[in-house]
Amino acid sequence: MKKMVKTVDPEHRDLGLERLVFFSDAVMAIAITLLTVDLKLPDLPGTAASREVLQALAALTPRLLSFLISFLVIGVYWVSHHRYFHHIVRYDGRLIALNLIFLLSIALMPFVASLMGQYYYLPIGGMVYAGAVAFTGFSMSAIWWYASSGHRLVENNLEDEFIRIRRIVLLVGPSLFLLSIPLALISFPLMIGAWWLSPILSFVIMRSASLHRIGKSAGTK
């Protein structure tokens, strides 16, 4: 008996991919909005002086820092998600599942941000946060690895070198967050400082790859 193969016309396939991206945008937008829930001044009496208000604001500093870091993390992964899905032109059930895992990590961000902001003086706050961000990064990396392997879901003319470099770049951030977890036992500021190495290393890798490509092009002329 001949097996029937269900095909999807390009218009419906593109619409399905757009829905996946739009849904991802919505989840990330909601997650960023929920980050602000933790930013609330304590109730002060109507006779409160400016000094008391400033003290209340100072007490919010850890939560403000947690908010800013989390806003940047979600913002970076929103940009990254768009950048990589620009090259993904097809989708299947496994890609949807991997994307849902990525969105799960994004949806958890307000919770872990609140944990770190409230218990910044305890190692557990920073450790859980770093682990959560590492999970986000590795889940985004899994999406790209799956989609780009054998050009499964990406553009057929996408260069292998481009795919390889992007795979490396996607692993830099989560690896640094994962490696920073023991630093929480030593110093909270030291752990946060280690996180900022991620964009620097990513830039160096991208810059080196760009110069290498230019050098190869010049050598072939």
# chains A, B, ... in the order shown; residues from 1 in each chain; ligands from 1

call {"tool": "residues_around", "arguments": {"residues": "A:Asn157", "least_positions_apart": "6", "cutoff": "12 Å", "atoms": "only C-alpha atoms", "output": "list of chain:residue names"}}
result
A:His87, A:Ile88, A:Val89, A:Ser148, A:Gly150, A:His151, A:Ile163

call {"tool": "write_last_selection", "arguments": {"atoms": "C-alpha atoms", "output": "short mmCIF file (atom, residue, chain, number, x, y, z; two decimals), in the first residue's frame"}}
result
data_model
loop_
_atom_site.label_atom_id
_atom_site.label_comp_id
_atom_site.auth_asym_id
_atom_site.auth_seq_id
_atom_site.Cartn_x
_atom_site.Cartn_y
_atom_site.Cartn_z
CA HIS A 87 18.13 32.18 8.50
CA ILE A 88 15.64 29.48 9.51
CA VAL A 89 13.23 29.11 6.59
CA SER A 148 21.55 24.19 10.92
CA GLY A 150 22.95 19.42 7.46
CA HIS A 151 21.09 22.62 6.52
CA ILE A 163 27.02 28.19 10.78
#

call {"tool": "residues_around", "arguments": {"residues": "A:Ala31", "least_positions_apart": "6", "cutoff": "12 Å", "atoms": "only C-alpha atoms", "output": "list in words"}}
result
Ser24, Asp25, Val37, Phe67, Ser70, Phe71, Leu72, Val73, Ile74, Gly75, Trp78, Leu103, Leu104, Ser105, Ile106, Ala107, Leu108, Met109, Pro110, Phe111, Val112 and Ala113 of chain A

call {"tool": "residues_around", "arguments": {"residues": "A:Tyr77", "least_positions_apart": "5", "cutoff": "9 Å", "atoms": "only C-alpha atoms", "output": "list of chain:residue names"}}
result
A:Met28, A:Leu72, A:His82, A:Ile106, A:Thr136, A:Gly137, A:Met140

call {"tool": "residues_around", "arguments": {"residues": "A:Ser180", "least_positions_apart": "6", "cutoff": "8 Å", "atoms": "only C-alpha atoms", "output": "list in words"}}
result
Ala130, Met191, Ala194 and Trp195 of chain A

call {"tool": "atom_distance", "arguments": {"atom1": "atom CA of A:Phe102", "atom2": "atom CA of A:Ile143"}}
result
8.3 Å

call {"tool": "atom_distance", "arguments": {"atom1": "atom CA of A:Val204", "atom2": "atom CA of A:Ser141"}}
result
18.6 Å

call {"tool": "closest_residue", "arguments": {"among": "A:Val27, A:Leu35, A:Phe22, A:Tyr84", "to": "A:Ala142", "atoms": "only C-alpha atoms"}}
result
A:Tyr84

call {"tool": "atom_distance", "arguments": {"atom1": "atom CA of A:Trp145", "atom2": "atom CA of A:Ser198"}}
result
19.6 Å

call {"tool": "select_by_dssp", "arguments": {"residues": "stretch 28-221 of chain A", "states": "alpha helix (DSSP H)", "output": "VMD selection string"}}
result
chain A and resid 28 to 34 50 to 59 61 to 85 93 to 107 109 to 118 123 to 148 160 to 179 188 to 195 197 to 220

call {"tool": "closest_residue", "arguments": {"among": "A:Gly16, A:Gly117, A:Gly126, A:Pro174", "to": "A:Tyr91", "atoms": "only C-alpha atoms"}}
result
A:Gly16

call {"tool": "closest_residue", "arguments": {"among": "A:Ile186, A:Val76, A:Ala147, A:Phe135", "to": "A:Leu171", "atoms": "only C-alpha atoms"}}
result
A:Phe135
